[in-house]
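One structure is given here, and the rest of the page talks about it.
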Amino acid sequence: MKSILTTLAVAGTMALGSVTAVQAKGQGLLDTIIERDSLLCTGHNGSYLGFAEVDGEGKWQGFDIEFCKALATAILGSPDKLQIIPVSWAQRFPSIQSGDIDVIIKVTGWTMTRDTELGLQYSRPYFIGPFYVMSKTELGAKGIADLEGGVFCVNAGTTVERVLTDYMETNGIAYESLAFEKGEELRAAFYAGRCDAIAGFGPFLSATRVNADNPDDFEILGDVLALEPEGIVTRQGEDDFMDVINWMVSALLMAEENGITQANVDEMKANPPSASIERLLGVTPGVGTRLGLQDDWAYNVIKTVGNYGEIYDRTIGDGSRYKLPRGMNNLWNNGGLHYPLVLD
Amino acid sequence: MADAMAPPARQMGAIAWLRKHFFNTWYDAIFSIIFAVLIFWGLQALIGWAFVNAIWRVENKNQCTHDAGACWAVIESRGRLILFGLYPYEEQWRSTLACFAVIITIALSCLPRFWSIRRLPLLWVVGFGAFVLLMRGGFAGLPLVTSEKWGGLSLTIFIFSGVFVIGMPLAVVFALARRSSLPVIAKSTGFFIDIVRSLPLLTILFAAAVIVPLLVPEWLQGSKLMRVVVAFAVFFAAYQAEIIRAGLQSTPDGQAEAASALGMPYWSLVVDILLPQAFRNTLPSTINQAVITFKETSIVTIIGFFEVMASGNAAIGTGEWGNQYIEVYVFLALIYFVFVFGLSRYGAWLEKRMRLGHA
């Protein structure tokens, strides 16, 4: 069923991508958003742990949602001007072509097919999605190699299964694989001690660990099976809009690098310690207009959602229930892969 | 003189009844005992899980463990999300009222008193209008809530009743067209029905929600919810048309011929003679189709609608309540059960009532 949908979606998107692109030429998406005074961003048809969840009052929260808020604030000055449109995985690409949504911020991996054939444009990665292995603490494993010969449980027919096989074959580690159809079954089997380890996407493993009766019985190993760079996506040809997205991500990272937080941003704006921070916070006039925004756009963003580290911590990191390690999503000077662009 | 026969053994009383039905032979006895033990054991486990060992309220979510019993606190904490989806929290009373408006409309239209060409449509216009006005708002100080934010049980009921109300007349039209004496109409309707039936519902809904806006000019698109309800209704109609056609074919030809001989107009023949019999003869299949449609409404989650099932998934899709999925699914099952069981009982009642009229 899923493949029918995907095919349909891809066919529709490919056939009509060019048509919509031509239609949109008159006015850029950025202008449309400003004129409409609201940003249409992706939600989820349900919940995606830590990234897009619904709280008891029906309000969206999570890592991706924070980026939607940041983007709405950058362009329109307030996170209240954001509209979250729930879309399923299969629906996201056709929806962006039809204009139901302006931007996809939905843990969407940057792949060549999507980038080229589907007529989409990716921003720089805002999240590096890691696949990890989690094992029982009592086994005392330090890395995946220590689990040689053990039983690894995975979700059947998912990317994880392939990623695990690739990793184990490349590294010549013998193991026994046990596949489960549903995430709940997989968890139950792991809690019951049926598996020595499970492999999966970082946030899923964290949630599994946190929900165990005793989370300390389980440990996520540092070895990375594979990674998927997740980008923010919009239609091909919306260059102005893409500039804003890239600089929004960069501003969040630059704020973290320079120790600008939600709490001290006012102080920093009053006495900027360096010329580049002056430019970032809009003390030097004219920087925002280059992007077609207000000069204090980055100040507003940081005031609203904090810097990259704060967002991470609040939604999926140590300040949240998931306690997903920063790992590769740290800044370059903390052993991670993220870096801000040069703001001159 | 024949000897008087001994009177028959006592045939009354609980013990005699038990012996007759459960312990008639030695193997009956063995099966009875095995099943009695199994049922007892199952019920004990269920009651233990759902009531005796259940946790009803928690101060802290970590008190919910998953070995002893159910943790119903999840329903207390996430219940409004399941019932209302993404509908704004402060406005959820509107969703409740709207939900009742449609339920009352459904209940009233089940009463034979409302079965007339004039009353039934009027009832539905009022009921549906009340639902949409309440849900949408945007007047008299009620904030506007667009259909993207509708969700939960109200959305499920809205989709179901919308599909039924649009689909049923459409099905009658399809069925009559397929039996038309004009070959072009009959053939093309048959072809259309067969095409719709050959496509998965999922694909039809996906196309209606996602592909149609790419092809159709904006003024014709309507809202996404509207497109989906209409597409779903066409799908329903394709199946229901075949059921009605079966009913039409089951009325003897002599009746239609007699009606023509008496000079009854076509419309009167259909409304007064054919359709009432067709509906009565196919009532079990129609109720069947209604039940299937009610359950199938959960498919709309694939195009991003927060109907009650998707809301349930959202309720457990968080680190806090991820382990309480059984409780949430049981709660959802109860909601579905109430509606589907009600529908079946109504069908049974209707059948009985019609039999009476028949005899």
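Chain lettering (A, B, ...) mirrors the order of the structure tokens, residue numbering begins at 1 for each chain separately, and ligand numbering begins at 1 in order of display.
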
Could you please select, counting only C-alpha atoms, the residues of chain B within 6 Å of chain A and state them as a PDB file with N, CA and C atoms, in the first residue's frame?
ATOM      1  N   ARG B  78      -4.697  12.203  28.664  1.00  0.00           N
ATOM      2  CA  ARG B  78      -4.678  12.386  27.214  1.00  0.00           C
ATOM      3  C   ARG B  78      -6.059  12.231  26.586  1.00  0.00           C
ATOM      4  N   LEU B  81      -7.291  14.856  24.178  1.00  0.00           N
ATOM      5  CA  LEU B  81      -6.602  14.800  22.891  1.00  0.00           C
ATOM      6  C   LEU B  81      -7.233  13.732  22.001  1.00  0.00           C
ATOM      7  N   LEU B  86      -6.796  18.042  17.436  1.00  0.00           N
ATOM      8  CA  LEU B  86      -6.079  19.307  17.509  1.00  0.00           C
ATOM      9  C   LEU B  86      -7.005  20.495  17.731  1.00  0.00           C
ATOM     10  N   TYR B  89      -8.060  23.948  22.636  1.00  0.00           N
ATOM     11  CA  TYR B  89      -8.453  23.467  23.955  1.00  0.00           C
ATOM     12  C   TYR B  89      -9.630  24.242  24.540  1.00  0.00           C
ATOM     13  N   LEU B 214      -3.541  19.876  -7.542  1.00  0.00           N
ATOM     14  CA  LEU B 214      -2.563  20.157  -8.592  1.00  0.00           C
ATOM     15  C   LEU B 214      -3.239  20.287  -9.952  1.00  0.00           C
ATOM     16  N   ILE B 302      -4.013   8.970   6.875  1.00  0.00           N
ATOM     17  CA  ILE B 302      -2.896   8.970   5.930  1.00  0.00           C
ATOM     18  C   ILE B 302      -2.790  10.313   5.196  1.00  0.00           C
ATOM     19  N   ILE B 303      -3.874  11.091   5.191  1.00  0.00           N
ATOM     20  CA  ILE B 303      -3.776  12.410   4.591  1.00  0.00           C
ATOM     21  C   ILE B 303      -3.829  13.486   5.654  1.00  0.00           C
ATOM     22  N   GLY B 304      -3.404  13.120   6.848  1.00  0.00           N
ATOM     23  CA  GLY B 304      -3.163  14.127   7.859  1.00  0.00           C
ATOM     24  C   GLY B 304      -4.384  14.587   8.625  1.00  0.00           C
ATOM     25  N   ALA B 310      -6.138   8.394  14.844  1.00  0.00           N
ATOM     26  CA  ALA B 310      -4.886   9.144  14.746  1.00  0.00           C
ATOM     27  C   ALA B 310      -4.639   9.912  16.040  1.00  0.00           C
ATOM     28  N   ASN B 313      -3.214   7.615  18.458  1.00  0.00           N
ATOM     29  CA  ASN B 313      -1.793   7.392  18.208  1.00  0.00           C
ATOM     30  C   ASN B 313      -0.958   8.574  18.659  1.00  0.00           C
ATOM     31  N   ALA B 314      -1.498   9.780  18.476  1.00  0.00           N
ATOM     32  CA  ALA B 314      -0.782  10.959  18.954  1.00  0.00           C
ATOM     33  C   ALA B 314      -0.695  10.944  20.474  1.00  0.00           C
ATOM     34  N   GLY B 317       2.036   8.723  21.362  1.00  0.00           N
ATOM     35  CA  GLY B 317       3.296   9.019  20.687  1.00  0.00           C
ATOM     36  C   GLY B 317       4.107  10.059  21.414  1.00  0.00           C
ATOM     37  N   THR B 318       4.318   9.873  22.677  1.00  0.00           N
ATOM     38  CA  THR B 318       5.148  10.776  23.430  1.00  0.00           C
ATOM     39  C   THR B 318       5.913   9.956  24.455  1.00  0.00           C
ATOM     40  N   GLY B 319       7.060  10.432  24.825  1.00  0.00           N
ATOM     41  CA  GLY B 319       7.896   9.680  25.743  1.00  0.00           C
ATOM     42  C   GLY B 319       7.176   9.349  27.050  1.00  0.00           C
TER      43      GLY B 319
END

Review point. Near Asp31 in chain A, counting only C-alpha atoms, which residues have an atom at most 12 Å away, once you skip same-chain residues fewer than 4 positions from it, shown as a ChimeraX atom specification?
Key: /A:24-27,35-39,75-76,102,238-241,244,291-293

Practice item. Name the residues of range 36-74 of chain B that fall into helix (DSSP H, G or I) according to DSSP on the backbone, using the chain letters and numbers of this document, as a ChimeraX atom specification. Key: /B:36-52,61-63,73-74

Could the residues in this selection be saved with N, CA, C and O atoms as an mmCIF file, in the first residue's frame?
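This went into selection_28.cif:
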data_model
loop_
_atom_site.group_PDB
_atom_site.id
_atom_site.type_symbol
_atom_site.label_atom_id
_atom_site.label_comp_id
_atom_site.auth_asym_id
_atom_site.auth_seq_id
_atom_site.Cartn_x
_atom_site.Cartn_y
_atom_site.Cartn_z
ATOM 1 N N ALA B 36 -15.160 -23.877 30.502
ATOM 2 C CA ALA B 36 -15.498 -23.117 31.702
ATOM 3 C C ALA B 36 -14.231 -22.622 32.380
ATOM 4 O O ALA B 36 -14.124 -21.459 32.775
ATOM 5 N N VAL B 37 -13.238 -23.494 32.461
ATOM 6 C CA VAL B 37 -11.974 -23.099 33.101
ATOM 7 C C VAL B 37 -11.304 -21.985 32.293
ATOM 8 O O VAL B 37 -10.850 -20.981 32.851
ATOM 9 N N LEU B 38 -11.279 -22.158 30.961
ATOM 10 C CA LEU B 38 -10.642 -21.144 30.106
ATOM 11 C C LEU B 38 -11.338 -19.788 30.249
ATOM 12 O O LEU B 38 -10.682 -18.756 30.401
ATOM 13 N N ILE B 39 -12.672 -19.818 30.232
ATOM 14 C CA ILE B 39 -13.411 -18.557 30.329
ATOM 15 C C ILE B 39 -13.159 -17.920 31.686
ATOM 16 O O ILE B 39 -12.895 -16.719 31.797
ATOM 17 N N PHE B 40 -13.192 -18.727 32.726
ATOM 18 C CA PHE B 40 -12.963 -18.206 34.067
ATOM 19 C C PHE B 40 -11.575 -17.568 34.158
ATOM 20 O O PHE B 40 -11.391 -16.456 34.639
ATOM 21 N N TRP B 41 -10.599 -18.296 33.634
ATOM 22 C CA TRP B 41 -9.214 -17.831 33.700
ATOM 23 C C TRP B 41 -9.054 -16.523 32.916
ATOM 24 O O TRP B 41 -8.435 -15.566 33.381
ATOM 25 N N GLY B 42 -9.650 -16.482 31.723
ATOM 26 C CA GLY B 42 -9.560 -15.276 30.901
ATOM 27 C C GLY B 42 -10.208 -14.089 31.574
ATOM 28 O O GLY B 42 -9.632 -13.007 31.663
ATOM 29 N N LEU B 43 -11.397 -14.309 32.108
ATOM 30 C CA LEU B 43 -12.113 -13.212 32.766
ATOM 31 C C LEU B 43 -11.343 -12.722 33.982
ATOM 32 O O LEU B 43 -11.240 -11.522 34.234
ATOM 33 N N GLN B 44 -10.784 -13.668 34.723
ATOM 34 C CA GLN B 44 -10.043 -13.294 35.925
ATOM 35 C C GLN B 44 -8.857 -12.417 35.548
ATOM 36 O O GLN B 44 -8.609 -11.375 36.172
ATOM 37 N N ALA B 45 -8.128 -12.844 34.498
ATOM 38 C CA ALA B 45 -6.967 -12.064 34.062
ATOM 39 C C ALA B 45 -7.402 -10.673 33.606
ATOM 40 O O ALA B 45 -6.795 -9.660 33.963
ATOM 41 N N LEU B 46 -8.498 -10.627 32.844
ATOM 42 C CA LEU B 46 -8.974 -9.349 32.308
ATOM 43 C C LEU B 46 -9.411 -8.413 33.430
ATOM 44 O O LEU B 46 -9.020 -7.243 33.487
ATOM 45 N N ILE B 47 -10.211 -8.966 34.366
ATOM 46 C CA ILE B 47 -10.700 -8.122 35.459
ATOM 47 C C ILE B 47 -9.537 -7.681 36.339
ATOM 48 O O ILE B 47 -9.451 -6.527 36.762
ATOM 49 N N GLY B 48 -8.606 -8.601 36.545
ATOM 50 C CA GLY B 48 -7.420 -8.244 37.335
ATOM 51 C C GLY B 48 -6.670 -7.108 36.692
ATOM 52 O O GLY B 48 -6.272 -6.141 37.352
ATOM 53 N N TRP B 49 -6.500 -7.191 35.352
ATOM 54 C CA TRP B 49 -5.731 -6.159 34.648
ATOM 55 C C TRP B 49 -6.502 -4.838 34.602
ATOM 56 O O TRP B 49 -5.979 -3.782 34.898
ATOM 57 N N ALA B 50 -7.776 -4.940 34.251
ATOM 58 C CA ALA B 50 -8.524 -3.713 33.967
ATOM 59 C C ALA B 50 -9.060 -3.047 35.231
ATOM 60 O O ALA B 50 -9.262 -1.845 35.246
ATOM 61 N N PHE B 51 -9.298 -3.817 36.302
ATOM 62 C CA PHE B 51 -9.921 -3.200 37.480
ATOM 63 C C PHE B 51 -9.110 -3.383 38.752
ATOM 64 O O PHE B 51 -8.703 -2.415 39.385
ATOM 65 N N VAL B 52 -8.857 -4.663 39.120
ATOM 66 C CA VAL B 52 -8.286 -4.915 40.440
ATOM 67 C C VAL B 52 -6.903 -4.289 40.593
ATOM 68 O O VAL B 52 -6.644 -3.507 41.515
ATOM 69 N N LYS B 61 4.013 10.394 36.412
ATOM 70 C CA LYS B 61 3.805 9.391 35.371
ATOM 71 C C LYS B 61 4.642 8.131 35.576
ATOM 72 O O LYS B 61 4.309 7.069 35.074
ATOM 73 N N ASN B 62 5.738 8.279 36.328
ATOM 74 C CA ASN B 62 6.585 7.102 36.505
ATOM 75 C C ASN B 62 5.936 6.045 37.382
ATOM 76 O O ASN B 62 6.411 4.920 37.462
ATOM 77 N N GLN B 63 4.836 6.403 38.044
ATOM 78 C CA GLN B 63 4.146 5.399 38.861
ATOM 79 C C GLN B 63 3.468 4.354 37.992
ATOM 80 O O GLN B 63 3.090 3.304 38.471
ATOM 81 N N ALA B 73 -4.695 6.264 34.095
ATOM 82 C CA ALA B 73 -4.379 7.685 34.215
ATOM 83 C C ALA B 73 -4.086 8.292 32.845
ATOM 84 O O ALA B 73 -4.279 9.492 32.636
ATOM 85 N N VAL B 74 -3.644 7.458 31.907
ATOM 86 C CA VAL B 74 -3.342 7.962 30.567
ATOM 87 C C VAL B 74 -4.603 8.544 29.930
ATOM 88 O O VAL B 74 -4.554 9.553 29.226
#

Exercise for review: Find the residues near range 195-199 of chain B: any atom within 12 Å, counting only C-alpha atoms, skip ones fewer than 6 places away on the same chain, and give them as a list in words.
Suggested key: Met1, Ile4 and Leu5 of chain A; Ser188, Thr189, Leu205, Phe206, Ala207, Ala231, Phe232, Ala233, Val234, Phe235, Phe236, Ala237, Ala238, Tyr239, Gln240, Ala241 and Glu242 of chain B

Considering only C-alpha atoms, give me a table of residues in range 43-89 of chain A that are at most 9 Å from range 294-303 of chain A, with the closest atom pair and distance in Å for each, as JSON lines.
{"residue": "A:Lys69", "atom": "CA", "partner": "A:Val301", "partner_atom": "CA", "distance": 8.2}
{"residue": "A:Ala70", "atom": "CA", "partner": "A:Val301", "partner_atom": "CA", "distance": 5.3}
{"residue": "A:Leu71", "atom": "CA", "partner": "A:Val301", "partner_atom": "CA", "distance": 7.7}
{"residue": "A:Ala72", "atom": "CA", "partner": "A:Val301", "partner_atom": "CA", "distance": 8.6}
{"residue": "A:Thr73", "atom": "CA", "partner": "A:Val301", "partner_atom": "CA", "distance": 5.6}
{"residue": "A:Ala74", "atom": "CA", "partner": "A:Trp297", "partner_atom": "CA", "distance": 4.8}
{"residue": "A:Ile75", "atom": "CA", "partner": "A:Trp297", "partner_atom": "CA", "distance": 7.1}
{"residue": "A:Leu76", "atom": "CA", "partner": "A:Trp297", "partner_atom": "CA", "distance": 8.5}
{"residue": "A:Gly77", "atom": "CA", "partner": "A:Asn300", "partner_atom": "CA", "distance": 6.5}
{"residue": "A:Ser78", "atom": "CA", "partner": "A:Asn300", "partner_atom": "CA", "distance": 7.7}
{"residue": "A:Pro79", "atom": "CA", "partner": "A:Val301", "partner_atom": "CA", "distance": 8.7}

Quick one: write out the picked residues with C-alpha atoms as a PDB file, in the first residue's frame?
ATOM      1  CA  LYS A  69       8.437  28.516  15.212  1.00  0.00           C
ATOM      2  CA  ALA A  70      11.922  29.884  14.606  1.00  0.00           C
ATOM      3  CA  LEU A  71      11.221  30.284  10.891  1.00  0.00           C
ATOM      4  CA  ALA A  72       7.853  31.943  11.491  1.00  0.00           C
ATOM      5  CA  THR A  73       9.487  34.320  13.955  1.00  0.00           C
ATOM      6  CA  ALA A  74      12.330  35.131  11.558  1.00  0.00           C
ATOM      7  CA  ILE A  75       9.958  36.029   8.735  1.00  0.00           C
ATOM      8  CA  LEU A  76       6.877  37.359  10.514  1.00  0.00           C
ATOM      9  CA  GLY A  77       8.221  38.389  13.900  1.00  0.00           C
ATOM     10  CA  SER A  78       6.054  36.106  16.024  1.00  0.00           C
ATOM     11  CA  PRO A  79       5.647  32.351  16.584  1.00  0.00           C
TER      12      PRO A  79
END

Exercise for review: Write out as a list in words which residues come within 9 Å of range 139-150 of chain A when counting only C-alpha atoms, dropping same-chain ones fewer than 6 positions away.
Suggested key: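 Once the nearby chain positions are removed, what remains is Val133, Met168, Asn171, Ile173, Ala174, Tyr175, Glu176, Ser177, Cys195, Asp196, Ala197, Leu221, Gly222 and Asp223 of chain A.
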
**Study point:** Residue contacts of Ser95 in chain B (12 Å, only C-alpha atoms) excluding same-chain residues fewer than 2 positions away, as a PyMOL selection string
**Key:** chain B and resi 80+83-93+97-102+130-137+145+147+149-158

Written file, previous selection with C-alpha atoms, as an mmCIF file, in the first residue's frame:
data_model
loop_
_atom_site.group_PDB
_atom_site.id
_atom_site.type_symbol
_atom_site.label_atom_id
_atom_site.label_comp_id
_atom_site.auth_asym_id
_atom_site.auth_seq_id
_atom_site.Cartn_x
_atom_site.Cartn_y
_atom_site.Cartn_z
ATOM 1 C CA ARG B 80 -9.253 15.162 25.563
ATOM 2 C CA LEU B 83 -11.667 12.907 21.719
ATOM 3 C CA PHE B 84 -10.923 16.304 20.202
ATOM 4 C CA GLY B 85 -7.653 15.967 18.301
ATOM 5 C CA LEU B 86 -6.079 19.307 17.509
ATOM 6 C CA TYR B 87 -9.230 21.316 18.164
ATOM 7 C CA PRO B 88 -8.276 24.370 20.283
ATOM 8 C CA TYR B 89 -8.453 23.467 23.955
ATOM 9 C CA GLU B 90 -10.572 26.402 25.101
ATOM 10 C CA GLU B 91 -13.093 25.791 22.329
ATOM 11 C CA GLN B 92 -13.579 22.064 22.833
ATOM 12 C CA TRP B 93 -17.068 22.534 24.273
ATOM 13 C CA LEU B 97 -21.931 20.171 21.188
ATOM 14 C CA ALA B 98 -21.331 19.644 17.487
ATOM 15 C CA CYS B 99 -20.737 15.960 18.103
ATOM 16 C CA PHE B 100 -24.032 15.690 19.967
ATOM 17 C CA ALA B 101 -25.819 17.588 17.210
ATOM 18 C CA VAL B 102 -24.802 14.963 14.674
ATOM 19 C CA ALA B 130 -25.396 23.132 13.350
ATOM 20 C CA PHE B 131 -22.321 20.912 13.315
ATOM 21 C CA VAL B 132 -20.425 22.978 10.763
ATOM 22 C CA LEU B 133 -21.386 26.321 12.321
ATOM 23 C CA LEU B 134 -20.337 25.183 15.781
ATOM 24 C CA MET B 135 -17.094 23.579 14.624
ATOM 25 C CA ARG B 136 -16.110 26.388 12.308
ATOM 26 C CA GLY B 137 -17.283 29.387 14.299
ATOM 27 C CA VAL B 145 -11.469 27.136 13.588
ATOM 28 C CA SER B 147 -11.301 22.270 9.169
ATOM 29 C CA LYS B 149 -7.908 21.659 13.107
ATOM 30 C CA TRP B 150 -10.999 19.522 13.440
ATOM 31 C CA GLY B 151 -10.273 16.209 14.985
ATOM 32 C CA GLY B 152 -11.028 13.315 17.236
ATOM 33 C CA LEU B 153 -14.426 11.720 17.615
ATOM 34 C CA SER B 154 -16.321 14.670 16.094
ATOM 35 C CA LEU B 155 -14.294 14.357 12.911
ATOM 36 C CA THR B 156 -14.847 10.598 12.725
ATOM 37 C CA ILE B 157 -18.591 11.049 13.113
ATOM 38 C CA PHE B 158 -18.641 13.945 10.666
#

**Study point:** One-decimal distance in Å that lies between CA of Ala68 in chain B and CA of Gly200 in chain A
**Key:**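 If I compute the distance from CA of Gly200 in chain A to CA of Ala68 in chain B, I get 28.2 Å.
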
Check your understanding: How many Å separate CA of Glu218 in chain B from CA of Cys41 in chain A?
Key -> 20.5 Å

Point to revise | Length of the CA of Pro112 in chain B to CA of Thr297 in chain B vector [Å] | key: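 Distance reported for this atom pair: 26.8 Å.
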
Gln324 in chain B surroundings by only C-alpha atoms, 8 Å radius, close-in-sequence under 4 positions cut, as an mmCIF file with all heavy atoms, in the first residue's frame:
data_model
loop_
_atom_site.group_PDB
_atom_site.id
_atom_site.type_symbol
_atom_site.label_atom_id
_atom_site.label_comp_id
_atom_site.auth_asym_id
_atom_site.auth_seq_id
_atom_site.Cartn_x
_atom_site.Cartn_y
_atom_site.Cartn_z
ATOM 1 N N HIS B 66 4.351 -1.342 33.840
ATOM 2 C CA HIS B 66 3.556 -2.157 32.919
ATOM 3 C C HIS B 66 3.563 -3.625 33.267
ATOM 4 O O HIS B 66 3.590 -4.463 32.411
ATOM 5 C CB HIS B 66 3.995 -1.936 31.472
ATOM 6 C CG HIS B 66 5.418 -1.565 31.316
ATOM 7 N ND1 HIS B 66 6.415 -2.456 31.364
ATOM 8 C CD2 HIS B 66 5.985 -0.356 31.146
ATOM 9 C CE1 HIS B 66 7.566 -1.837 31.204
ATOM 10 N NE2 HIS B 66 7.341 -0.567 31.078
ATOM 11 N N ALA B 70 -3.645 -2.198 34.321
ATOM 12 C CA ALA B 70 -3.783 -1.058 33.428
ATOM 13 C C ALA B 70 -3.497 0.238 34.176
ATOM 14 O O ALA B 70 -3.694 0.324 35.382
ATOM 15 C CB ALA B 70 -5.200 -1.031 32.877
ATOM 16 N N CYS B 71 -3.022 1.226 33.438
ATOM 17 C CA CYS B 71 -2.804 2.528 34.032
ATOM 18 C C CYS B 71 -3.756 3.490 33.353
ATOM 19 O O CYS B 71 -3.439 4.081 32.326
ATOM 20 C CB CYS B 71 -1.356 2.964 33.827
ATOM 21 S SG CYS B 71 -0.970 4.488 34.669
ATOM 22 N N VAL B 74 -3.644 7.458 31.907
ATOM 23 C CA VAL B 74 -3.342 7.962 30.567
ATOM 24 C C VAL B 74 -4.603 8.544 29.930
ATOM 25 O O VAL B 74 -4.554 9.553 29.226
ATOM 26 C CB VAL B 74 -2.717 6.862 29.675
ATOM 27 C CG1 VAL B 74 -3.677 5.700 29.468
ATOM 28 C CG2 VAL B 74 -2.308 7.427 28.338
ATOM 29 N N ILE B 316 -0.393 8.401 22.455
ATOM 30 C CA ILE B 316 0.660 7.535 22.985
ATOM 31 C C ILE B 316 2.008 7.851 22.374
ATOM 32 O O ILE B 316 3.021 7.336 22.823
ATOM 33 C CB ILE B 316 0.341 6.037 22.774
ATOM 34 C CG1 ILE B 316 0.013 5.776 21.314
ATOM 35 C CG2 ILE B 316 -0.767 5.581 23.674
ATOM 36 C CD1 ILE B 316 -0.215 4.334 21.007
ATOM 37 N N VAL B 328 -4.839 2.816 25.778
ATOM 38 C CA VAL B 328 -5.417 3.737 24.796
ATOM 39 C C VAL B 328 -6.161 2.957 23.712
ATOM 40 O O VAL B 328 -7.273 3.322 23.320
ATOM 41 C CB VAL B 328 -4.324 4.634 24.182
ATOM 42 C CG1 VAL B 328 -4.870 5.405 22.998
ATOM 43 C CG2 VAL B 328 -3.798 5.591 25.233
#
